[in-house]
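Inspection log for the structure reproduced underneath, given as structure tokens.
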Amino acid sequence: MYRFTRHILCVATMLLAAHALCPAQQLRKVPMGDFEQWTVRNITESGILGGETKTIYNVAPNDTIDGNNAFYYRNTRWASSNAYAVVAGITKTSCNVTPSQGPSGKCARLETAYASCRVAGLINVNVLVQGTLIWGKMKEPITGISDPYSSMDWGIPFTERPKAIVLDYKASMKNSGTLTKGTTFKTQSFAGFDAAEVTLLLQNRWEDEQGNIHAKRVGTAVYHITQSTSGWVSRLRVPVIYGDASKDPAYKPYMDLLCNTRALQAVNSKGRSKVIHEDGWAAADEKVTHAILIISSGSLGPYVGETGNVLEVDNIMLEY
């Protein structure tokens with residue numbers, strides 16, 4: 001009996017020691033990742049467009065702002081494709097990221113749709129916009145559409161090393177086989193499919209003497225949503241691949257380094273927008289300095305997608 005009791009105590013001691021060495025995984029809520037807080041902005045468009053007051057939204061502390069003013073990013077890390085633009089003296093808005101009813105409270109609804117500019121009842125400009133949330137800032141007012149990535153400051157300072165990004169989502173994907181490219185006065189249709197995306201990139205970022213921004217990719221978590229869901233999917237887990245993701249069995253071409261797939265930009269220490277050059281893959285244990293998070297109803301880049309695709313997201317968390 002004594003030996004049996006001692007054996008049980010030894011086993012219990014080893015289990016406790018193992019638990020101490022391998023603590024339980026933790027889920028931490030991302031600030032405002034429950035989408036319960038939104039700043040409502042009421043902006044009046046130019047008289048030549050009808051002079052209506054339009055509402056756009058920012059994921060930020062609850063507030064209402066009246067007036068044609070650039071958004072001041074305070075107490076939020078979230079920006080979106082919602083736009084306040086002044087192009088050639090004409091004020092225009094675009095809003096395809098909105099609050100909606102989620103599984104518990106509010107969620108964020110992202111839709112791929114046209115932002116049309118009508119003058120005298122005619123459509124002069126028809127731009128296809130994907131509903132997109134990012135960590136970073138939108139530089140307002142937008143003054144042109146020739147280089148859309150330059151209008152956003154992509155990424156935030158970040159030093160953590162999460163194991164995965166976790167979220168709830170609901171998707172309505174058209175899968176019609178027809179894509180549209182809508183830029184200014186041209187609209188083209190061609191065969192293909194679009195996917196919604198969840199992307200978290202962890203970087204070690206620095207500047208050279210000329211202020212150019214360089215980075216090594218430390219961590220990669222990318223998930224493409226191609227099918228509609230029958231309802232809400234709870235706790236989708238997208239693992240972070242540390243080091244050279246191209247050597248991982250789960251690697252896909254859309255996980256490639258920036259500039260190979262996208263020319264995202266950030267504001268350097270001199271206040272100038274520069275392309276983020278990912279010069280290569282970092283070692284798995286490299287220090288993390290910045291994170292880029294992208295959640296979007298499309299994944300094909302500016303002005304290309306499938307109209308009517310909708311992605312709703314809620315309860316964004318990081319697993320450690």
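For the structure tokens, the naming scheme is as follows: chains receive sequential letters (A, B, ...) according to their order of presentation, residues are indexed from 1 within each chain, and ligands are indexed from 1 in presentation order.
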What parts of range 127-174 of chain A does DSSP call strand (DSSP E)? I'd like the answer as a PyMOL selection string. chain A and resi 127-129+132-138+152-154+156-157+164-172
Just-selected residues, N, CA and C atoms written as a short mmCIF file (atom, residue, chain, number, x, y, z; two decimals), in the first residue's frame:
```cif
data_model
loop_
_atom_site.label_atom_id
_atom_site.label_comp_id
_atom_site.auth_asym_id
_atom_site.auth_seq_id
_atom_site.Cartn_x
_atom_site.Cartn_y
_atom_site.Cartn_z
N VAL A 127 -15.42 52.66 -58.80
CA VAL A 127 -14.25 52.01 -58.23
C VAL A 127 -14.71 50.83 -57.38
N LEU A 128 -14.11 49.65 -57.61
CA LEU A 128 -14.43 48.47 -56.81
C LEU A 128 -13.58 48.48 -55.54
N VAL A 129 -14.23 48.36 -54.41
CA VAL A 129 -13.54 48.44 -53.12
C VAL A 129 -13.84 47.20 -52.30
N THR A 132 -12.22 46.14 -45.94
CA THR A 132 -10.95 45.73 -45.34
C THR A 132 -10.71 46.42 -44.00
N LEU A 133 -10.28 45.64 -43.03
CA LEU A 133 -9.80 46.15 -41.75
C LEU A 133 -8.31 45.89 -41.66
N ILE A 134 -7.55 46.86 -41.13
CA ILE A 134 -6.11 46.66 -40.94
C ILE A 134 -5.70 47.23 -39.59
N TRP A 135 -4.53 46.79 -39.14
CA TRP A 135 -3.85 47.51 -38.06
C TRP A 135 -2.99 48.57 -38.73
N GLY A 136 -3.26 49.83 -38.38
CA GLY A 136 -2.51 50.92 -38.97
C GLY A 136 -3.36 52.17 -39.03
N LYS A 137 -3.14 53.00 -40.05
CA LYS A 137 -3.86 54.26 -40.18
C LYS A 137 -4.18 54.53 -41.64
N MET A 138 -5.31 55.20 -41.87
CA MET A 138 -5.66 55.73 -43.18
C MET A 138 -5.26 57.20 -43.18
N MET A 152 -2.44 54.34 -46.94
CA MET A 152 -2.54 53.67 -45.65
C MET A 152 -1.15 53.47 -45.06
N ASP A 153 -1.09 53.60 -43.77
CA ASP A 153 0.13 53.35 -43.00
C ASP A 153 -0.03 51.95 -42.41
N TRP A 154 0.61 50.98 -43.03
CA TRP A 154 0.36 49.57 -42.74
C TRP A 154 1.21 49.08 -41.58
N ILE A 156 1.66 48.16 -37.09
CA ILE A 156 1.83 48.85 -35.81
C ILE A 156 3.06 48.29 -35.12
N PRO A 157 3.68 49.07 -34.20
CA PRO A 157 4.75 48.50 -33.37
C PRO A 157 4.19 47.34 -32.55
N ALA A 164 -0.99 31.88 -32.65
CA ALA A 164 -2.05 31.85 -33.67
C ALA A 164 -2.94 33.07 -33.50
N ILE A 165 -3.67 33.39 -34.57
CA ILE A 165 -4.76 34.35 -34.48
C ILE A 165 -6.06 33.55 -34.51
N VAL A 166 -7.00 33.94 -33.66
CA VAL A 166 -8.27 33.21 -33.49
C VAL A 166 -9.42 34.20 -33.64
N LEU A 167 -10.48 33.82 -34.34
CA LEU A 167 -11.61 34.71 -34.54
C LEU A 167 -12.86 33.92 -34.90
N ASP A 168 -14.01 34.59 -34.77
CA ASP A 168 -15.28 34.06 -35.26
C ASP A 168 -15.58 34.73 -36.61
N TYR A 169 -16.18 33.99 -37.53
CA TYR A 169 -16.48 34.60 -38.82
C TYR A 169 -17.72 33.97 -39.45
N LYS A 170 -18.28 34.73 -40.37
CA LYS A 170 -19.40 34.29 -41.20
C LYS A 170 -19.16 34.83 -42.60
N ALA A 171 -19.31 33.97 -43.61
CA ALA A 171 -18.97 34.38 -44.97
C ALA A 171 -20.09 34.09 -45.95
N SER A 172 -20.24 35.01 -46.91
CA SER A 172 -21.13 34.81 -48.04
C SER A 172 -20.30 35.08 -49.30
#
```
Within 7 Å of range 270-284 of chain A using only C-alpha atoms, minus same-chain residues under 2 positions, as a list in words: Ser150, Asn212, Ile213, His214, Ala215, Lys216, Arg217, Val218, Tyr242, Gly243, Asp244, Leu257, Leu258, Cys259, Ala263, Leu264, Gln265, Ala266, Val267, Asn268 and Glu286 of chain A
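Proximity of A:Pro302, A:Pro162, A:Gly177, A:Gly89 to Pro239 in chain A, computed with only C-alpha atoms, is greatest for A:Pro162.
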Residue with smallest distance to Val30 in chain A - pool A:Asn68, A:Asn96, A:Arg109, A:Trp78, counting only C-alpha atoms: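 The shortest atom-to-atom distance to Val30 in chain A comes from A:Trp78.
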What are the DSSP helix (DSSP H, G or I) residues of range 194-300 of chain A, as a list in words?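 Taking range 194-300 of chain A and keeping helix (DSSP H, G or I) only, one gets Ala245, Ser246, Lys247, Pro253, Tyr254 and Met255 of chain A.
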Residues just named, written with all heavy atoms as an mmCIF file, in the first residue's frame:
```cif
data_model
loop_
_atom_site.group_PDB
_atom_site.id
_atom_site.type_symbol
_atom_site.label_atom_id
_atom_site.label_comp_id
_atom_site.auth_asym_id
_atom_site.auth_seq_id
_atom_site.Cartn_x
_atom_site.Cartn_y
_atom_site.Cartn_z
ATOM 1 N N ALA A 245 8.544 30.577 -43.974
ATOM 2 C CA ALA A 245 7.257 29.911 -44.207
ATOM 3 C C ALA A 245 7.243 29.142 -45.515
ATOM 4 O O ALA A 245 6.467 28.187 -45.666
ATOM 5 C CB ALA A 245 6.124 30.942 -44.191
ATOM 6 N N SER A 246 8.090 29.535 -46.470
ATOM 7 C CA SER A 246 8.094 28.861 -47.772
ATOM 8 C C SER A 246 8.538 27.407 -47.670
ATOM 9 O O SER A 246 8.317 26.618 -48.587
ATOM 10 C CB SER A 246 8.981 29.611 -48.764
ATOM 11 O OG SER A 246 10.348 29.515 -48.397
ATOM 12 N N LYS A 247 9.153 27.030 -46.548
ATOM 13 C CA LYS A 247 9.604 25.656 -46.347
ATOM 14 C C LYS A 247 8.620 24.842 -45.518
ATOM 15 O O LYS A 247 8.874 23.670 -45.230
ATOM 16 C CB LYS A 247 10.979 25.659 -45.687
ATOM 17 C CG LYS A 247 12.059 26.301 -46.551
ATOM 18 C CD LYS A 247 13.411 26.287 -45.857
ATOM 19 C CE LYS A 247 14.482 26.921 -46.745
ATOM 20 N NZ LYS A 247 15.805 26.950 -46.067
ATOM 21 N N PRO A 253 1.328 30.183 -52.126
ATOM 22 C CA PRO A 253 1.959 31.335 -52.780
ATOM 23 C C PRO A 253 1.515 32.675 -52.203
ATOM 24 O O PRO A 253 2.299 33.636 -52.197
ATOM 25 C CB PRO A 253 1.532 31.187 -54.249
ATOM 26 C CG PRO A 253 1.323 29.716 -54.416
ATOM 27 C CD PRO A 253 0.763 29.236 -53.120
ATOM 28 N N TYR A 254 0.265 32.769 -51.711
ATOM 29 C CA TYR A 254 -0.195 34.049 -51.167
ATOM 30 C C TYR A 254 0.417 34.365 -49.799
ATOM 31 O O TYR A 254 0.136 35.425 -49.234
ATOM 32 C CB TYR A 254 -1.726 34.105 -51.109
ATOM 33 C CG TYR A 254 -2.418 32.933 -50.448
ATOM 34 C CD1 TYR A 254 -2.336 32.711 -49.083
ATOM 35 C CD2 TYR A 254 -3.186 32.048 -51.218
ATOM 36 C CE1 TYR A 254 -2.983 31.638 -48.490
ATOM 37 C CE2 TYR A 254 -3.834 30.968 -50.636
ATOM 38 C CZ TYR A 254 -3.731 30.776 -49.269
ATOM 39 O OH TYR A 254 -4.378 29.713 -48.684
ATOM 40 N N MET A 255 1.255 33.491 -49.277
ATOM 41 C CA MET A 255 1.981 33.773 -48.041
ATOM 42 C C MET A 255 3.343 34.394 -48.307
ATOM 43 O O MET A 255 4.113 34.653 -47.378
ATOM 44 C CB MET A 255 2.173 32.484 -47.230
ATOM 45 C CG MET A 255 0.905 31.799 -46.806
ATOM 46 S SD MET A 255 1.283 30.252 -45.920
ATOM 47 C CE MET A 255 -0.374 29.636 -45.567
#
```
At a cut-off of 10 Å, using only C-alpha atoms, what residues contact Gly105 in chain A? Leave out same-chain residues fewer than 6 positions from it and give the result as JSON, numbers by chain. {"A": [34, 35, 36, 99, 314]}
Would you pick out the contacts of Val288 in chain A at 6 Å or less, using only C-alpha atoms, so that residues sharing its chain but fewer than 2 positions from it are not included, and give the list as number ranges by chain? A: 159, 203-204
For the residues in the current selection, export C-alpha atoms as a tab-separated table (two decimals), in the first residue's frame.
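Output saved as again.tsv:
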```tsv
chain	number	residue	atom	x	y	z
A	159	THR	CA	6.90	42.82	-29.99
A	203	GLN	CA	8.23	41.57	-38.97
A	204	ASN	CA	11.59	42.78	-37.82
```
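Computed from the coordinates, the CA of Cys95 in chain A to CA of Lys54 in chain A distance equals 8.9 Å.
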